[in-house]
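Chemist: Have a look at this one before I ask anything.
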Amino acid sequence: MKKTVLITGATAGIGKATAYRFAAENHRVIITGRRKALLEKVAVDLRDKFQAEVLPLAFDVRDRSAVEQHLGNLPDDWKAIDILVNNAGLAAGLDPVHEANPGDWDLMIDTNVKGLLYVSKVIIPIMVRQGHGHIFNIGSIAGKEVYPKGSVYCATKHAVDALTRGMRMDLLPHGIKVTQIAPGATETEFSLVRFKGDRERAEKVYKGYEPLEGEDVAEIIHFISILPERVNVNDILIMPMAQASATIFHKM
Ligand code: NDP
Ligand code: 8X3
């Protein structure tokens with residue numbers, strides 16, 4: 001059955017790969033992100049490659065009124081959202097807590113926690129009215145463990161872990177599944193963003209081992225979405241083979 005899938009943060013990385021995975025299965029995708037030109041490029045490519053129905057919406061998930069304006073006024077034929085992938089997120093900086101930049105804290109908390117909530121607040125009532133839906137929250141190994149210099153990013157992903165569990169309880173009577181996807185090291189724009197464009201430093205993060213690719217995570221999201229109605233995967237932690245914890249890697 002053709003589904004309507006809303007993916008936040010689909011201009012790059014895991015979100016983009018997820019949009020391709022669902023479009024490849026002939027589902028309709030609503031893709032979002034701040035970089036409008038990039039978003040349009042993804043939309044054109046999805047239409048070309050898969051003849052997919054795509055609705056690109058450029059907005060910042062930190063801006064509550066922009067979220068409400070874009071997602072609260074979807075065209076009628078795009079309103080019936082079956083799957084929400086709360087993916088938009090980032091790390092900013094890698095610093096001991098007393099040396100970190102409070103602006104980075106705001107950016108991470110506003111995007112990873114409040115942005116996820118703003119989007120969910122608009123979409124969940126649609127799913128409640130429908131009596132079905134599936135929400136995927138992209139957490140992280142950083143939501144399971146804390147590592148040095150990552151306190152605030154880890155705190156935001158611990159918040160995603162808690163919000164996922166809370167949503168699952170609240171949405172249980174409404175036929176809505178809630179799944180947390182918690183990846184380990186995945187080579188995307190994540191480190192480039194964390195290190196504010198320092199490509200050399202970003203590339204080092206993925207040197208000496210084979211990290212996950214966005215497509216690996218997308219494959220798992222898609223797989224979980226097609227399990228029988230009676231099955232929900234509550235939480236899944238996905239690592240590269242060369243990673244055993246947030247800080248332990250087997251590098252060559
Ligand atoms: P990327 O940087 O490649 O992609 C992040 C996406 O989020 C982009 O599409 C970006 O779009 C979007 N985004 C960021 N901030 C905002 C915002 N304020 N409003 C709207 N969209 C936004 O990173 P990943 O694909 O790796 O990250 C995706 C998710 O996966 C994040 O939640 C991240 O924390 C999580 N994660 C990543 C891991 C990794 O190792 N890469 C591991 C575990 C979890 P744009 O810039 O156009 O707005
Ligand atoms: C991204 C993975 O280990 O850099 O969430 O925090 S990590």
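Simple scheme: letters A, B, ... for chains in structure tokens order, numbers from 1 for residues in each chain, numbers from 1 for ligands in the order shown.
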Just the residues within 10 Å of A:Glu203, please, counting only C-alpha atoms, with nothing from its chain fewer than 5 positions along; format it as a PyMOL selection string.

Modeler: chain A and resi 187+189+191-192+198

Chemist: Per residue of chain A within 8 Å of ligand 1, which atom pair is closest and at what distance in Å (one decimal), using only C-alpha atoms and all ligand atoms, listed by chain and increasing number, as JSON lines?

Modeler:
```
{"residue": "A:Thr8", "atom": "CA", "partner": "ligand 1", "partner_atom_place_in_ligand_line": "21 (N)", "distance": 6.2}
{"residue": "A:Gly9", "atom": "CA", "partner": "ligand 1", "partner_atom_place_in_ligand_line": "9 (O)", "distance": 3.3}
{"residue": "A:Ala10", "atom": "CA", "partner": "ligand 1", "partner_atom_place_in_ligand_line": "9 (O)", "distance": 4.3}
{"residue": "A:Thr11", "atom": "CA", "partner": "ligand 1", "partner_atom_place_in_ligand_line": "9 (O)", "distance": 3.8}
{"residue": "A:Ala12", "atom": "CA", "partner": "ligand 1", "partner_atom_place_in_ligand_line": "9 (O)", "distance": 4.3}
{"residue": "A:Gly13", "atom": "CA", "partner": "ligand 1", "partner_atom_place_in_ligand_line": "25 (O)", "distance": 3.4}
{"residue": "A:Ile14", "atom": "CA", "partner": "ligand 1", "partner_atom_place_in_ligand_line": "25 (O)", "distance": 3.8}
{"residue": "A:Gly15", "atom": "CA", "partner": "ligand 1", "partner_atom_place_in_ligand_line": "25 (O)", "distance": 5.7}
{"residue": "A:Lys16", "atom": "CA", "partner": "ligand 1", "partner_atom_place_in_ligand_line": "9 (O)", "distance": 6.7}
{"residue": "A:Thr32", "atom": "CA", "partner": "ligand 1", "partner_atom_place_in_ligand_line": "21 (N)", "distance": 6.5}
{"residue": "A:Gly33", "atom": "CA", "partner": "ligand 1", "partner_atom_place_in_ligand_line": "21 (N)", "distance": 3.9}
{"residue": "A:Arg34", "atom": "CA", "partner": "ligand 1", "partner_atom_place_in_ligand_line": "48 (O)", "distance": 3.5}
{"residue": "A:Arg35", "atom": "CA", "partner": "ligand 1", "partner_atom_place_in_ligand_line": "47 (O)", "distance": 3.8}
{"residue": "A:Lys36", "atom": "CA", "partner": "ligand 1", "partner_atom_place_in_ligand_line": "47 (O)", "distance": 7.1}
{"residue": "A:Leu38", "atom": "CA", "partner": "ligand 1", "partner_atom_place_in_ligand_line": "47 (O)", "distance": 7.0}
{"residue": "A:Leu39", "atom": "CA", "partner": "ligand 1", "partner_atom_place_in_ligand_line": "47 (O)", "distance": 7.1}
{"residue": "A:Ala58", "atom": "CA", "partner": "ligand 1", "partner_atom_place_in_ligand_line": "20 (C)", "distance": 7.8}
{"residue": "A:Phe59", "atom": "CA", "partner": "ligand 1", "partner_atom_place_in_ligand_line": "20 (C)", "distance": 6.0}
{"residue": "A:Asp60", "atom": "CA", "partner": "ligand 1", "partner_atom_place_in_ligand_line": "19 (N)", "distance": 3.6}
{"residue": "A:Val61", "atom": "CA", "partner": "ligand 1", "partner_atom_place_in_ligand_line": "19 (N)", "distance": 4.0}
{"residue": "A:Arg62", "atom": "CA", "partner": "ligand 1", "partner_atom_place_in_ligand_line": "18 (N)", "distance": 5.2}
{"residue": "A:Asp63", "atom": "CA", "partner": "ligand 1", "partner_atom_place_in_ligand_line": "18 (N)", "distance": 7.9}
{"residue": "A:Asn86", "atom": "CA", "partner": "ligand 1", "partner_atom_place_in_ligand_line": "32 (O)", "distance": 7.6}
{"residue": "A:Asn87", "atom": "CA", "partner": "ligand 1", "partner_atom_place_in_ligand_line": "32 (O)", "distance": 4.7}
{"residue": "A:Ala88", "atom": "CA", "partner": "ligand 1", "partner_atom_place_in_ligand_line": "7 (O)", "distance": 3.6}
{"residue": "A:Gly89", "atom": "CA", "partner": "ligand 1", "partner_atom_place_in_ligand_line": "32 (O)", "distance": 3.4}
{"residue": "A:Leu90", "atom": "CA", "partner": "ligand 1", "partner_atom_place_in_ligand_line": "34 (O)", "distance": 4.6}
{"residue": "A:Ala91", "atom": "CA", "partner": "ligand 1", "partner_atom_place_in_ligand_line": "34 (O)", "distance": 6.3}
{"residue": "A:Leu107", "atom": "CA", "partner": "ligand 1", "partner_atom_place_in_ligand_line": "18 (N)", "distance": 7.7}
{"residue": "A:Asp110", "atom": "CA", "partner": "ligand 1", "partner_atom_place_in_ligand_line": "18 (N)", "distance": 7.7}
{"residue": "A:Thr111", "atom": "CA", "partner": "ligand 1", "partner_atom_place_in_ligand_line": "18 (N)", "distance": 5.1}
{"residue": "A:Asn112", "atom": "CA", "partner": "ligand 1", "partner_atom_place_in_ligand_line": "32 (O)", "distance": 6.3}
{"residue": "A:Gly115", "atom": "CA", "partner": "ligand 1", "partner_atom_place_in_ligand_line": "18 (N)", "distance": 7.1}
{"residue": "A:Ile138", "atom": "CA", "partner": "ligand 1", "partner_atom_place_in_ligand_line": "32 (O)", "distance": 5.4}
{"residue": "A:Gly139", "atom": "CA", "partner": "ligand 1", "partner_atom_place_in_ligand_line": "44 (C)", "distance": 5.5}
{"residue": "A:Ser140", "atom": "CA", "partner": "ligand 1", "partner_atom_place_in_ligand_line": "43 (C)", "distance": 3.9}
{"residue": "A:Ile141", "atom": "CA", "partner": "ligand 1", "partner_atom_place_in_ligand_line": "43 (C)", "distance": 6.2}
{"residue": "A:Ala142", "atom": "CA", "partner": "ligand 1", "partner_atom_place_in_ligand_line": "43 (C)", "distance": 7.1}
{"residue": "A:Lys157", "atom": "CA", "partner": "ligand 1", "partner_atom_place_in_ligand_line": "34 (O)", "distance": 7.4}
{"residue": "A:Ala182", "atom": "CA", "partner": "ligand 1", "partner_atom_place_in_ligand_line": "43 (C)", "distance": 5.9}
{"residue": "A:Pro183", "atom": "CA", "partner": "ligand 1", "partner_atom_place_in_ligand_line": "43 (C)", "distance": 4.2}
{"residue": "A:Gly184", "atom": "CA", "partner": "ligand 1", "partner_atom_place_in_ligand_line": "42 (C)", "distance": 4.7}
{"residue": "A:Ala185", "atom": "CA", "partner": "ligand 1", "partner_atom_place_in_ligand_line": "40 (O)", "distance": 3.7}
{"residue": "A:Thr186", "atom": "CA", "partner": "ligand 1", "partner_atom_place_in_ligand_line": "40 (O)", "distance": 3.7}
{"residue": "A:Glu187", "atom": "CA", "partner": "ligand 1", "partner_atom_place_in_ligand_line": "41 (N)", "distance": 5.5}
{"residue": "A:Thr188", "atom": "CA", "partner": "ligand 1", "partner_atom_place_in_ligand_line": "3 (O)", "distance": 4.3}
{"residue": "A:Glu189", "atom": "CA", "partner": "ligand 1", "partner_atom_place_in_ligand_line": "3 (O)", "distance": 3.6}
{"residue": "A:Phe190", "atom": "CA", "partner": "ligand 1", "partner_atom_place_in_ligand_line": "2 (O)", "distance": 3.9}
{"residue": "A:Ser191", "atom": "CA", "partner": "ligand 1", "partner_atom_place_in_ligand_line": "41 (N)", "distance": 7.1}
{"residue": "A:Leu192", "atom": "CA", "partner": "ligand 1", "partner_atom_place_in_ligand_line": "2 (O)", "distance": 7.4}
{"residue": "A:Val193", "atom": "CA", "partner": "ligand 1", "partner_atom_place_in_ligand_line": "2 (O)", "distance": 6.0}
{"residue": "A:Leu212", "atom": "CA", "partner": "ligand 1", "partner_atom_place_in_ligand_line": "40 (O)", "distance": 7.8}
{"residue": "A:Gly214", "atom": "CA", "partner": "ligand 1", "partner_atom_place_in_ligand_line": "25 (O)", "distance": 6.5}
```

Chemist: Could you pull the residues within 7 Å of A:Val85, counting only C-alpha atoms, minus those fewer than 3 positions along the same chain, as a list in words?

Modeler: Leu6, Ile7, Thr8, Ile135, Phe136 and Asn137 of chain A

Chemist: Which residue out of A:Ser120, A:Asn73, A:Thr18, A:Asn26 has the minimum interatomic distance to A:Gly133 when only C-alpha atoms are used?

Modeler: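 Of the candidates, the smallest distance to A:Gly133 is held by A:Ser120.
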
Chemist: Just list as a list of chain:residue names whatever in stretch 73-188 of chain A DSSP marks as strand (DSSP E or B).

Modeler: A:Ile83, A:Leu84, A:Val85, A:Asn86, A:Gly133, A:His134, A:Ile135, A:Phe136, A:Asn137, A:Ile138, A:Ile176, A:Lys177, A:Val178, A:Thr179, A:Gln180, A:Ile181, A:Ala182, A:Pro183, A:Thr186, A:Glu187

Chemist: Would you compute the distance between atom CA of A:Trp78 and atom CA of A:Leu57? Give it in Å to one decimal.

Modeler: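 Separating atom CA of A:Trp78 from atom CA of A:Leu57 is a distance of 11.9 Å.
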